[in-house]
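*Asks:* So that you have it, the file is coords-v1.pdb, and it contains PDB, C-alpha atoms and all ligand atoms:
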```
ATOM      1  CA  MET A  17      93.262 -75.498 126.069  1.00  0.00           C
ATOM      2  CA  THR A  18      90.471 -77.648 124.596  1.00  0.00           C
ATOM      3  CA  ASP A  19      90.565 -79.440 121.260  1.00  0.00           C
ATOM      4  CA  ASP A  20      88.195 -76.992 119.577  1.00  0.00           C
ATOM      5  CA  MET A  21      90.281 -73.933 120.449  1.00  0.00           C
ATOM      6  CA  PRO A  22      92.453 -72.561 117.640  1.00  0.00           C
ATOM      7  CA  ARG A  23      96.104 -73.345 118.244  1.00  0.00           C
ATOM      8  CA  ALA A  24      98.654 -70.545 118.267  1.00  0.00           C
ATOM      9  CA  GLN A  25     100.882 -72.308 115.699  1.00  0.00           C
ATOM     10  CA  GLU A  26      98.025 -72.476 113.153  1.00  0.00           C
ATOM     11  CA  PRO A  27      97.362 -68.844 112.224  1.00  0.00           C
ATOM     12  CA  PRO A  28      94.436 -68.087 109.933  1.00  0.00           C
ATOM     13  CA  ASP A  29      95.464 -68.081 106.277  1.00  0.00           C
ATOM     14  CA  VAL A  30      94.308 -64.496 105.718  1.00  0.00           C
ATOM     15  CA  ARG A  31      95.380 -61.810 108.196  1.00  0.00           C
ATOM     16  CA  ASP A  32      94.845 -58.831 105.912  1.00  0.00           C
ATOM     17  CA  PRO A  33      91.358 -59.254 104.433  1.00  0.00           C
ATOM     18  CA  ALA A  34      91.609 -56.144 102.245  1.00  0.00           C
ATOM     19  CA  LEU A  35      94.823 -57.363 100.643  1.00  0.00           C
ATOM     20  CA  ALA A  36      93.363 -59.340  97.732  1.00  0.00           C
ATOM     21  CA  GLY A  37      91.208 -56.407  96.643  1.00  0.00           C
ATOM     22  CA  ASP A  38      94.046 -53.932  96.948  1.00  0.00           C
ATOM     23  CA  VAL A  39      96.373 -56.204  94.971  1.00  0.00           C
ATOM     24  CA  ALA A  40      93.685 -56.680  92.303  1.00  0.00           C
ATOM     25  CA  ALA A  41      93.336 -52.915  91.974  1.00  0.00           C
ATOM     26  CA  SER A  42      97.092 -52.508  91.596  1.00  0.00           C
ATOM     27  CA  LEU A  43      97.603 -55.025  88.769  1.00  0.00           C
ATOM     28  CA  ARG A  44      97.689 -53.596  85.254  1.00  0.00           C
ATOM     29  CA  ASP A  45      96.118 -55.586  82.426  1.00  0.00           C
ATOM     30  CA  VAL A  46      98.150 -55.397  79.219  1.00  0.00           C
ATOM     31  CA  PRO A  47      96.292 -57.009  76.298  1.00  0.00           C
ATOM     32  CA  ASP A  48      98.176 -58.950  73.625  1.00  0.00           C
ATOM     33  CA  PHE A  49     101.507 -59.111  75.494  1.00  0.00           C
ATOM     34  CA  PRO A  50     103.872 -60.836  74.861  1.00  0.00           C
ATOM     35  CA  GLU A  51     101.744 -62.193  72.016  1.00  0.00           C
ATOM     36  CA  ALA A  52      98.256 -61.786  70.581  1.00  0.00           C
ATOM     37  CA  GLY A  53      95.524 -63.251  72.758  1.00  0.00           C
ATOM     38  CA  VAL A  54      97.437 -63.104  76.083  1.00  0.00           C
ATOM     39  CA  LEU A  55      96.177 -60.709  78.761  1.00  0.00           C
ATOM     40  CA  PHE A  56      99.371 -59.918  80.645  1.00  0.00           C
ATOM     41  CA  LYS A  57      98.982 -59.176  84.359  1.00  0.00           C
ATOM     42  CA  ASP A  58     101.637 -56.570  85.069  1.00  0.00           C
ATOM     43  CA  PHE A  59     102.546 -56.291  88.746  1.00  0.00           C
ATOM     44  CA  THR A  60     105.099 -53.481  88.398  1.00  0.00           C
ATOM     45  CA  PRO A  61     102.567 -50.895  89.766  1.00  0.00           C
ATOM     46  CA  LEU A  62     102.422 -52.995  92.963  1.00  0.00           C
ATOM     47  CA  LEU A  63     106.207 -52.740  93.261  1.00  0.00           C
ATOM     48  CA  LEU A  64     105.975 -48.951  93.179  1.00  0.00           C
ATOM     49  CA  ASP A  65     103.385 -48.867  95.970  1.00  0.00           C
ATOM     50  CA  VAL A  66     105.581 -49.233  99.063  1.00  0.00           C
ATOM     51  CA  PRO A  67     102.844 -49.819 101.707  1.00  0.00           C
ATOM     52  CA  LEU A  68     101.063 -52.361  99.500  1.00  0.00           C
ATOM     53  CA  ARG A  69     104.313 -54.110  98.594  1.00  0.00           C
ATOM     54  CA  ASP A  70     105.132 -54.336 102.296  1.00  0.00           C
ATOM     55  CA  ARG A  71     101.710 -55.871 103.033  1.00  0.00           C
ATOM     56  CA  VAL A  72     102.211 -58.484 100.299  1.00  0.00           C
ATOM     57  CA  VAL A  73     105.630 -59.432 101.679  1.00  0.00           C
ATOM     58  CA  ARG A  74     104.316 -59.432 105.264  1.00  0.00           C
ATOM     59  CA  ASP A  75     101.374 -61.665 104.324  1.00  0.00           C
ATOM     60  CA  VAL A  76     103.683 -64.338 102.900  1.00  0.00           C
ATOM     61  CA  VAL A  77     106.222 -63.975 105.704  1.00  0.00           C
ATOM     62  CA  ASP A  78     103.558 -64.364 108.416  1.00  0.00           C
ATOM     63  CA  ARG A  79     102.390 -67.595 106.820  1.00  0.00           C
ATOM     64  CA  HIS A  80     105.847 -69.168 106.697  1.00  0.00           C
ATOM     65  CA  ALA A  81     107.978 -67.619 109.449  1.00  0.00           C
ATOM     66  CA  GLY A  82     109.964 -70.324 111.206  1.00  0.00           C
ATOM     67  CA  ALA A  83     108.831 -72.999 108.736  1.00  0.00           C
ATOM     68  CA  VAL A  84     111.099 -72.383 105.742  1.00  0.00           C
ATOM     69  CA  GLU A  85     114.862 -72.454 105.465  1.00  0.00           C
ATOM     70  CA  ALA A  86     115.244 -70.859 102.023  1.00  0.00           C
ATOM     71  CA  VAL A  87     113.186 -68.960  99.444  1.00  0.00           C
ATOM     72  CA  LEU A  88     113.405 -69.853  95.759  1.00  0.00           C
ATOM     73  CA  GLY A  89     112.484 -67.195  93.194  1.00  0.00           C
ATOM     74  CA  ILE A  90     111.673 -67.964  89.567  1.00  0.00           C
ATOM     75  CA  GLU A  91     113.291 -65.711  86.943  1.00  0.00           C
ATOM     76  CA  ALA A  92     112.623 -62.924  86.591  1.00  0.00           C
ATOM     77  CA  ARG A  93     109.684 -61.489  88.487  1.00  0.00           C
ATOM     78  CA  GLY A  94     109.905 -64.155  91.176  1.00  0.00           C
ATOM     79  CA  PHE A  95     113.303 -62.695  92.066  1.00  0.00           C
ATOM     80  CA  ILE A  96     111.803 -59.395  93.159  1.00  0.00           C
ATOM     81  CA  LEU A  97     109.287 -60.511  95.756  1.00  0.00           C
ATOM     82  CA  GLY A  98     111.236 -63.671  96.538  1.00  0.00           C
ATOM     83  CA  ALA A  99     114.318 -61.717  97.564  1.00  0.00           C
ATOM     84  CA  ALA A 100     112.240 -59.352  99.727  1.00  0.00           C
ATOM     85  CA  ILE A 101     110.504 -62.317 101.399  1.00  0.00           C
ATOM     86  CA  ALA A 102     113.829 -64.097 102.000  1.00  0.00           C
ATOM     87  CA  GLN A 103     115.236 -60.934 103.547  1.00  0.00           C
ATOM     88  CA  GLU A 104     112.283 -60.614 105.945  1.00  0.00           C
ATOM     89  CA  LEU A 105     112.411 -64.304 106.846  1.00  0.00           C
ATOM     90  CA  GLY A 106     116.157 -64.094 107.426  1.00  0.00           C
ATOM     91  CA  VAL A 107     116.859 -67.037 105.099  1.00  0.00           C
ATOM     92  CA  GLY A 108     118.833 -67.583 101.900  1.00  0.00           C
ATOM     93  CA  PHE A 109     117.563 -66.834  98.409  1.00  0.00           C
ATOM     94  CA  ILE A 110     117.840 -69.343  95.552  1.00  0.00           C
ATOM     95  CA  PRO A 111     117.468 -68.213  91.938  1.00  0.00           C
ATOM     96  CA  VAL A 112     115.913 -70.545  89.362  1.00  0.00           C
ATOM     97  CA  ARG A 113     116.923 -69.264  85.952  1.00  0.00           C
ATOM     98  CA  LYS A 114     116.311 -69.910  82.307  1.00  0.00           C
ATOM     99  CA  GLN A 115     118.716 -72.282  80.599  1.00  0.00           C
ATOM    100  CA  GLY A 116     122.318 -71.131  80.247  1.00  0.00           C
ATOM    101  CA  LYS A 117     122.264 -68.275  82.768  1.00  0.00           C
ATOM    102  CA  LEU A 118     123.624 -69.913  85.923  1.00  0.00           C
ATOM    103  CA  PRO A 119     127.422 -70.181  85.911  1.00  0.00           C
ATOM    104  CA  ALA A 120     128.162 -73.296  88.031  1.00  0.00           C
ATOM    105  CA  ALA A 121     126.936 -76.911  87.775  1.00  0.00           C
ATOM    106  CA  THR A 122     123.151 -77.137  87.381  1.00  0.00           C
ATOM    107  CA  HIS A 123     120.176 -79.453  87.393  1.00  0.00           C
ATOM    108  CA  ALA A 124     117.792 -78.718  84.508  1.00  0.00           C
ATOM    109  CA  VAL A 125     114.092 -79.436  83.988  1.00  0.00           C
ATOM    110  CA  SER A 126     112.247 -78.943  80.706  1.00  0.00           C
ATOM    111  CA  TYR A 127     108.503 -78.493  80.466  1.00  0.00           C
ATOM    112  CA  SER A 128     105.957 -77.890  77.764  1.00  0.00           C
ATOM    113  CA  LEU A 129     104.580 -74.499  76.877  1.00  0.00           C
ATOM    114  CA  GLU A 130     101.624 -73.836  74.604  1.00  0.00           C
ATOM    115  CA  TYR A 131     104.118 -73.798  71.734  1.00  0.00           C
ATOM    116  CA  GLY A 132     107.397 -75.648  72.270  1.00  0.00           C
ATOM    117  CA  THR A 133     109.302 -76.230  75.508  1.00  0.00           C
ATOM    118  CA  ALA A 134     111.221 -74.233  78.105  1.00  0.00           C
ATOM    119  CA  THR A 135     114.070 -75.241  80.400  1.00  0.00           C
ATOM    120  CA  VAL A 136     114.873 -73.861  83.835  1.00  0.00           C
ATOM    121  CA  GLU A 137     117.930 -74.550  85.973  1.00  0.00           C
ATOM    122  CA  ILE A 138     119.163 -74.477  89.555  1.00  0.00           C
ATOM    123  CA  HIS A 139     122.690 -74.731  90.934  1.00  0.00           C
ATOM    124  CA  THR A 140     123.172 -78.275  92.169  1.00  0.00           C
ATOM    125  CA  ASP A 141     124.460 -76.985  95.534  1.00  0.00           C
ATOM    126  CA  ALA A 142     121.753 -74.334  96.021  1.00  0.00           C
ATOM    127  CA  VAL A 143     119.534 -76.531  98.223  1.00  0.00           C
ATOM    128  CA  ARG A 144     120.811 -78.735 101.035  1.00  0.00           C
ATOM    129  CA  PRO A 145     119.338 -82.252 101.301  1.00  0.00           C
ATOM    130  CA  GLY A 146     116.189 -82.054 103.413  1.00  0.00           C
ATOM    131  CA  GLN A 147     116.092 -78.257 103.330  1.00  0.00           C
ATOM    132  CA  ARG A 148     112.600 -76.732 103.448  1.00  0.00           C
ATOM    133  CA  VAL A 149     112.120 -74.348 100.533  1.00  0.00           C
ATOM    134  CA  LEU A 150     109.385 -71.832  99.711  1.00  0.00           C
ATOM    135  CA  VAL A 151     108.847 -71.224  95.960  1.00  0.00           C
ATOM    136  CA  VAL A 152     107.788 -67.692  94.944  1.00  0.00           C
ATOM    137  CA  ASP A 153     106.588 -66.249  91.621  1.00  0.00           C
ATOM    138  CA  ASP A 154     104.287 -63.446  90.501  1.00  0.00           C
ATOM    139  CA  VAL A 155     101.739 -65.366  88.422  1.00  0.00           C
ATOM    140  CA  LEU A 156     100.647 -69.012  88.305  1.00  0.00           C
ATOM    141  CA  ALA A 157      99.312 -69.570  84.789  1.00  0.00           C
ATOM    142  CA  THR A 158      99.490 -73.114  83.365  1.00  0.00           C
ATOM    143  CA  GLY A 159     101.684 -74.169  86.304  1.00  0.00           C
ATOM    144  CA  GLY A 160     104.496 -75.553  84.146  1.00  0.00           C
ATOM    145  CA  THR A 161     107.124 -73.148  85.441  1.00  0.00           C
ATOM    146  CA  ALA A 162     106.257 -73.647  89.107  1.00  0.00           C
ATOM    147  CA  ALA A 163     106.093 -77.442  88.669  1.00  0.00           C
ATOM    148  CA  ALA A 164     109.569 -77.360  87.093  1.00  0.00           C
ATOM    149  CA  ALA A 165     110.894 -75.312  90.048  1.00  0.00           C
ATOM    150  CA  VAL A 166     109.408 -77.857  92.475  1.00  0.00           C
ATOM    151  CA  GLU A 167     111.091 -80.675  90.538  1.00  0.00           C
ATOM    152  CA  LEU A 168     114.427 -78.832  90.671  1.00  0.00           C
ATOM    153  CA  VAL A 169     114.230 -78.582  94.467  1.00  0.00           C
ATOM    154  CA  ARG A 170     113.522 -82.305  94.648  1.00  0.00           C
ATOM    155  CA  ARG A 171     116.464 -83.086  92.350  1.00  0.00           C
ATOM    156  CA  CYS A 172     118.663 -81.334  94.931  1.00  0.00           C
ATOM    157  CA  GLY A 173     117.086 -83.418  97.697  1.00  0.00           C
ATOM    158  CA  GLY A 174     115.113 -80.526  99.185  1.00  0.00           C
ATOM    159  CA  GLU A 175     111.486 -80.301 100.256  1.00  0.00           C
ATOM    160  CA  VAL A 176     109.021 -77.717  98.921  1.00  0.00           C
ATOM    161  CA  VAL A 177     106.934 -76.265 101.744  1.00  0.00           C
ATOM    162  CA  ALA A 178     104.621 -74.331  99.403  1.00  0.00           C
ATOM    163  CA  VAL A 179     104.357 -72.366  96.194  1.00  0.00           C
ATOM    164  CA  GLU A 180     103.364 -68.736  96.802  1.00  0.00           C
ATOM    165  CA  VAL A 181     102.137 -66.488  93.982  1.00  0.00           C
ATOM    166  CA  VAL A 182     100.558 -63.067  93.893  1.00  0.00           C
ATOM    167  CA  LEU A 183      98.015 -64.051  91.249  1.00  0.00           C
ATOM    168  CA  GLU A 184      96.629 -67.391  90.103  1.00  0.00           C
ATOM    169  CA  LEU A 185      94.884 -67.550  86.731  1.00  0.00           C
ATOM    170  CA  GLY A 186      92.337 -70.097  87.931  1.00  0.00           C
ATOM    171  CA  PHE A 187      90.887 -70.813  84.490  1.00  0.00           C
ATOM    172  CA  LEU A 188      94.237 -72.300  83.408  1.00  0.00           C
ATOM    173  CA  ALA A 189      94.100 -74.861  86.253  1.00  0.00           C
ATOM    174  CA  GLY A 190      97.844 -74.598  86.942  1.00  0.00           C
ATOM    175  CA  ARG A 191      97.342 -76.240  90.333  1.00  0.00           C
ATOM    176  CA  THR A 192      96.660 -79.552  88.675  1.00  0.00           C
ATOM    177  CA  ARG A 193     100.331 -79.656  87.592  1.00  0.00           C
ATOM    178  CA  LEU A 194     101.351 -79.141  91.218  1.00  0.00           C
ATOM    179  CA  ASP A 195      99.515 -82.086  92.713  1.00  0.00           C
ATOM    180  CA  GLY A 196     100.734 -82.791  96.228  1.00  0.00           C
ATOM    181  CA  THR A 197     102.303 -79.341  96.646  1.00  0.00           C
ATOM    182  CA  LYS A 198     100.616 -76.652  98.722  1.00  0.00           C
ATOM    183  CA  VAL A 199      99.798 -73.651  96.524  1.00  0.00           C
ATOM    184  CA  HIS A 200      98.756 -70.263  97.892  1.00  0.00           C
ATOM    185  CA  ALA A 201      97.710 -67.276  95.808  1.00  0.00           C
ATOM    186  CA  LEU A 202      96.998 -63.846  97.272  1.00  0.00           C
ATOM    187  CA  LEU A 203      94.440 -63.442  94.539  1.00  0.00           C
ATOM    188  CA  THR A 204      92.705 -65.795  92.075  1.00  0.00           C
ATOM    189  CA  THR A 205      90.938 -64.660  88.917  1.00  0.00           C
TER     190      THR A 205
HETATM  191  P1  LIG A 301     103.096 -70.899  83.590  1.00  0.00           P
HETATM  192  O1  LIG A 301     104.308 -71.769  83.477  1.00  0.00           O
HETATM  193  O2  LIG A 301     102.152 -71.042  82.423  1.00  0.00           O
HETATM  194  O3  LIG A 301     102.383 -71.062  84.920  1.00  0.00           O
HETATM  195  O4  LIG A 301     103.582 -69.410  83.467  1.00  0.00           O
HETATM  196  C1  LIG A 301     104.077 -68.830  84.548  1.00  0.00           C
HETATM  197  C2  LIG A 301     105.158 -67.863  84.214  1.00  0.00           C
HETATM  198  O5  LIG A 301     104.839 -67.024  83.100  1.00  0.00           O
HETATM  199  C3  LIG A 301     105.321 -66.970  85.389  1.00  0.00           C
HETATM  200  O6  LIG A 301     106.698 -66.805  85.604  1.00  0.00           O
HETATM  201  C4  LIG A 301     104.618 -65.691  85.007  1.00  0.00           C
HETATM  202  O7  LIG A 301     105.415 -64.611  85.374  1.00  0.00           O
HETATM  203  C5  LIG A 301     104.452 -65.740  83.510  1.00  0.00           C
HETATM  204  N1  LIG A 301     103.069 -65.529  83.029  1.00  0.00           N
HETATM  205  C6  LIG A 301     102.308 -66.420  82.378  1.00  0.00           C
HETATM  206  N2  LIG A 301     101.128 -65.910  82.015  1.00  0.00           N
HETATM  207  C7  LIG A 301     101.123 -64.648  82.465  1.00  0.00           C
HETATM  208  C8  LIG A 301     100.179 -63.572  82.429  1.00  0.00           C
HETATM  209  N3  LIG A 301      98.975 -63.698  81.848  1.00  0.00           N
HETATM  210  N4  LIG A 301     100.509 -62.402  83.001  1.00  0.00           N
HETATM  211  C9  LIG A 301     101.719 -62.267  83.600  1.00  0.00           C
HETATM  212  N5  LIG A 301     102.650 -63.212  83.671  1.00  0.00           N
HETATM  213  C10 LIG A 301     102.367 -64.404  83.110  1.00  0.00           C
END
```
Write out the structure in this file as structure tokens.
Ligand code: AMP
*Replies:*
Amino acid sequence: MTDDMPRAQEPPDVRDPALAGDVAASLRDVPDFPEAGVLFKDFTPLLLDVPLRDRVVRDVVDRHAGAVEAVLGIEARGFILGAAIAQELGVGFIPVRKQGKLPAATHAVSYSLEYGTATVEIHTDAVRPGQRVLVVDDVLATGGTAAAAVELVRRCGGEVVAVEVVLELGFLAGRTRLDGTKVHALLTT
């Protein structure tokens, strides 16, 4: 093997070139939800489409198989794909929930929203020190939620391998709040 040959352990980032377009076609735009001026990207039609949902899960799994030891899903929509991805990878699933929902001892991180603040929590024993964790959510908007999830993993002593989202709202520049963390979106608008 010469240096300029692609190495087997570095697969191309996109194995299903039609996926982004098919995902885009499946998302439903809901204007003024949950409040006036927000265009909500509803991914529930994607969940109903079994072959497409499988391709989305497979795409993420192929990128991380063998490299992650747990999948973290952000309440609530991150639970759905996150749990499916964890199942396929054969690794544990870690829920990050809104304040007051997790029953045992937690770490908490607060972050700013457009109006006010939000707090998310993780069980203190959910991540082992040094464990490699993949963070999953449906949409990356301002990045505050994903950045808080990354911080929670670090508080537990874990390492975030990447943040995976179905859709990134590029105009909100959420990536800038995730400096130093690999972010992958199936689709960017
Ligand atoms: P943010 O912290 O601003 O990146 O917001 C991300 C969280 O809010 C994610 O859990 C998304 O599910 C949700 N979210 C924010 N904006 C939208 C949107 N336009 N459409 C759908 N979900 C959104």
*Asks:* Taking all atoms listed in the file into account, produce a table as a Markdown table in which each residue of chain A with an atom at most 7 Å from an atom of ligand LIG 301 (chain A) appears once, together with its shortest atom pair and the distance in Å to one decimal, ordered by chain and rising number.
*Replies:*
```
| residue | atom | partner | partner_atom | distance |
| --- | --- | --- | --- | --- |
| A:Val54 | CA | A:LIG301 | N3 | 6.0 |
| A:Leu55 | CA | A:LIG301 | N3 | 5.1 |
| A:Phe56 | CA | A:LIG301 | N4 | 3.6 |
| A:Lys57 | CA | A:LIG301 | N4 | 3.8 |
| A:Asp58 | CA | A:LIG301 | C9 | 5.9 |
| A:Ile90 | CA | A:LIG301 | O6 | 6.5 |
| A:Glu91 | CA | A:LIG301 | O6 | 6.8 |
| A:Arg93 | CA | A:LIG301 | O7 | 6.1 |
| A:Gly94 | CA | A:LIG301 | O6 | 7.0 |
| A:Leu129 | CA | A:LIG301 | O2 | 7.0 |
| A:Asp153 | CA | A:LIG301 | O6 | 6.0 |
| A:Asp154 | CA | A:LIG301 | O7 | 5.4 |
| A:Val155 | CA | A:LIG301 | C4 | 4.5 |
| A:Leu156 | CA | A:LIG301 | O3 | 4.3 |
| A:Ala157 | CA | A:LIG301 | O3 | 3.4 |
| A:Thr158 | CA | A:LIG301 | O2 | 3.5 |
| A:Gly159 | CA | A:LIG301 | O3 | 3.5 |
| A:Gly160 | CA | A:LIG301 | O1 | 3.8 |
| A:Thr161 | CA | A:LIG301 | O1 | 3.7 |
| A:Ala162 | CA | A:LIG301 | O1 | 6.2 |
| A:Gly190 | CA | A:LIG301 | O3 | 6.1 |
```
*Asks:* Padding 6 Å on each side, edges along x, y and z: where is the centre of the box around the listed atoms of segment 135-146 of chain A, and how long are its edges in Å to one decimal? Output it as JSON.
*Replies:*
```
{"center_x": 119.3, "center_y": -78.1, "center_z": 91.9, "size_x": 22.4, "size_y": 20.4, "size_z": 35.0}
```
*Asks:* Segment 99-109 of chain A: which residues within 8 Å, counting all atoms listed in the file, same-chain residues fewer than 4 positions away excluded, as a list in words?
*Replies:*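 The neighbour list is Val73, Arg74, Val76, Val77, Ala81, Gly82, Val84, Glu85, Ala86, Val87, Leu88, Gly89 and Phe95 of chain A.
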*Asks:* Could the residues in this selection be written to a file with C-alpha atoms, as a CSV table (one decimal), keeping the file's coordinate frame?
*Replies:*
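Generated file (again06.csv):
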```csv
chain,number,residue,atom,x,y,z
A,73,VAL,CA,105.6,-59.4,101.7
A,74,ARG,CA,104.3,-59.4,105.3
A,76,VAL,CA,103.7,-64.3,102.9
A,77,VAL,CA,106.2,-64.0,105.7
A,81,ALA,CA,108.0,-67.6,109.4
A,82,GLY,CA,110.0,-70.3,111.2
A,84,VAL,CA,111.1,-72.4,105.7
A,85,GLU,CA,114.9,-72.5,105.5
A,86,ALA,CA,115.2,-70.9,102.0
A,87,VAL,CA,113.2,-69.0,99.4
A,88,LEU,CA,113.4,-69.9,95.8
A,89,GLY,CA,112.5,-67.2,93.2
A,95,PHE,CA,113.3,-62.7,92.1
```
*Asks:* For the structure provided, state which residues fall under the PyMOL selection byres (((chain A and resi 139-146) around 6) and not hetatm), and present them as a list in words.
*Replies:*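 With the PyMOL selection byres (((chain A and resi 139-146) around 6) and not hetatm) on this model, the match is Ala121, Thr122, His123, Ile138, Gln147, Cys172, Gly173, Gly174 and Glu175 of chain A.
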*Asks:* Enumerate, as number ranges by chain, the residues matched when the PyMOL selection byres (((chain A and resi 44) around 12) and not hetatm) is run on the file above.
*Replies:* A: 39-43, 45-47, 49, 55-63
*Asks:* Got a minute to add all heavy atoms to segment 71-79 of chain A and dump it as an mmCIF file, in the coordinates of the input?
*Replies:*
```
data_model
loop_
_atom_site.group_PDB
_atom_site.id
_atom_site.type_symbol
_atom_site.label_atom_id
_atom_site.label_comp_id
_atom_site.auth_asym_id
_atom_site.auth_seq_id
_atom_site.Cartn_x
_atom_site.Cartn_y
_atom_site.Cartn_z
ATOM 1 N N ARG A 71 102.792 -54.987 102.554
ATOM 2 C CA ARG A 71 101.710 -55.871 103.033
ATOM 3 C C ARG A 71 101.775 -57.227 102.343
ATOM 4 O O ARG A 71 101.509 -58.260 102.958
ATOM 5 C CB ARG A 71 100.350 -55.212 102.804
ATOM 6 C CG ARG A 71 100.055 -54.104 103.798
ATOM 7 C CD ARG A 71 98.902 -53.239 103.319
ATOM 8 N NE ARG A 71 97.662 -53.975 103.177
ATOM 9 C CZ ARG A 71 96.660 -53.589 102.372
ATOM 10 N NH1 ARG A 71 96.770 -52.494 101.645
ATOM 11 N NH2 ARG A 71 95.563 -54.292 102.316
ATOM 12 N N VAL A 72 102.092 -57.224 101.043
ATOM 13 C CA VAL A 72 102.211 -58.484 100.299
ATOM 14 C C VAL A 72 103.339 -59.332 100.899
ATOM 15 O O VAL A 72 103.164 -60.520 101.181
ATOM 16 C CB VAL A 72 102.464 -58.207 98.794
ATOM 17 C CG1 VAL A 72 102.912 -59.476 98.075
ATOM 18 C CG2 VAL A 72 101.202 -57.626 98.154
ATOM 19 N N VAL A 73 104.486 -58.703 101.112
ATOM 20 C CA VAL A 73 105.630 -59.432 101.679
ATOM 21 C C VAL A 73 105.274 -59.938 103.074
ATOM 22 O O VAL A 73 105.512 -61.104 103.422
ATOM 23 C CB VAL A 73 106.886 -58.534 101.714
ATOM 24 C CG1 VAL A 73 108.006 -59.185 102.511
ATOM 25 C CG2 VAL A 73 107.343 -58.221 100.285
ATOM 26 N N ARG A 74 104.671 -59.077 103.882
ATOM 27 C CA ARG A 74 104.316 -59.432 105.264
ATOM 28 C C ARG A 74 103.338 -60.609 105.298
ATOM 29 O O ARG A 74 103.451 -61.516 106.125
ATOM 30 C CB ARG A 74 103.716 -58.189 105.948
ATOM 31 C CG ARG A 74 103.224 -58.329 107.353
ATOM 32 C CD ARG A 74 104.218 -58.827 108.362
ATOM 33 N NE ARG A 74 105.553 -58.232 108.256
ATOM 34 C CZ ARG A 74 106.660 -58.812 108.709
ATOM 35 N NH1 ARG A 74 106.610 -59.993 109.300
ATOM 36 N NH2 ARG A 74 107.818 -58.234 108.595
ATOM 37 N N ASP A 75 102.372 -60.605 104.377
ATOM 38 C CA ASP A 75 101.374 -61.665 104.324
ATOM 39 C C ASP A 75 102.049 -63.030 104.118
ATOM 40 O O ASP A 75 101.731 -64.004 104.801
ATOM 41 C CB ASP A 75 100.388 -61.376 103.177
ATOM 42 C CG ASP A 75 99.251 -62.379 103.136
ATOM 43 O OD1 ASP A 75 98.359 -62.267 104.001
ATOM 44 O OD2 ASP A 75 99.271 -63.268 102.274
ATOM 45 N N VAL A 76 102.981 -63.075 103.179
ATOM 46 C CA VAL A 76 103.683 -64.338 102.900
ATOM 47 C C VAL A 76 104.581 -64.703 104.080
ATOM 48 O O VAL A 76 104.607 -65.859 104.530
ATOM 49 C CB VAL A 76 104.504 -64.229 101.593
ATOM 50 C CG1 VAL A 76 105.272 -65.524 101.339
ATOM 51 C CG2 VAL A 76 103.593 -63.900 100.406
ATOM 52 N N VAL A 77 105.289 -63.727 104.596
ATOM 53 C CA VAL A 77 106.222 -63.975 105.704
ATOM 54 C C VAL A 77 105.464 -64.515 106.921
ATOM 55 O O VAL A 77 105.890 -65.489 107.553
ATOM 56 C CB VAL A 77 106.996 -62.685 106.045
ATOM 57 C CG1 VAL A 77 107.701 -62.792 107.389
ATOM 58 C CG2 VAL A 77 108.002 -62.378 104.929
ATOM 59 N N ASP A 78 104.324 -63.918 107.240
ATOM 60 C CA ASP A 78 103.558 -64.364 108.416
ATOM 61 C C ASP A 78 103.113 -65.815 108.275
ATOM 62 O O ASP A 78 103.000 -66.538 109.257
ATOM 63 C CB ASP A 78 102.320 -63.484 108.616
ATOM 64 C CG ASP A 78 102.678 -62.141 109.206
ATOM 65 O OD1 ASP A 78 103.828 -61.960 109.640
ATOM 66 O OD2 ASP A 78 101.791 -61.253 109.227
ATOM 67 N N ARG A 79 102.858 -66.225 107.033
ATOM 68 C CA ARG A 79 102.390 -67.595 106.820
ATOM 69 C C ARG A 79 103.512 -68.625 106.948
ATOM 70 O O ARG A 79 103.246 -69.799 107.177
ATOM 71 C CB ARG A 79 101.732 -67.702 105.440
ATOM 72 C CG ARG A 79 100.393 -68.401 105.520
ATOM 73 C CD ARG A 79 99.556 -68.352 104.262
ATOM 74 N NE ARG A 79 99.314 -66.994 103.831
ATOM 75 C CZ ARG A 79 99.775 -66.477 102.717
ATOM 76 N NH1 ARG A 79 100.506 -67.206 101.915
ATOM 77 N NH2 ARG A 79 99.487 -65.233 102.397
#
```
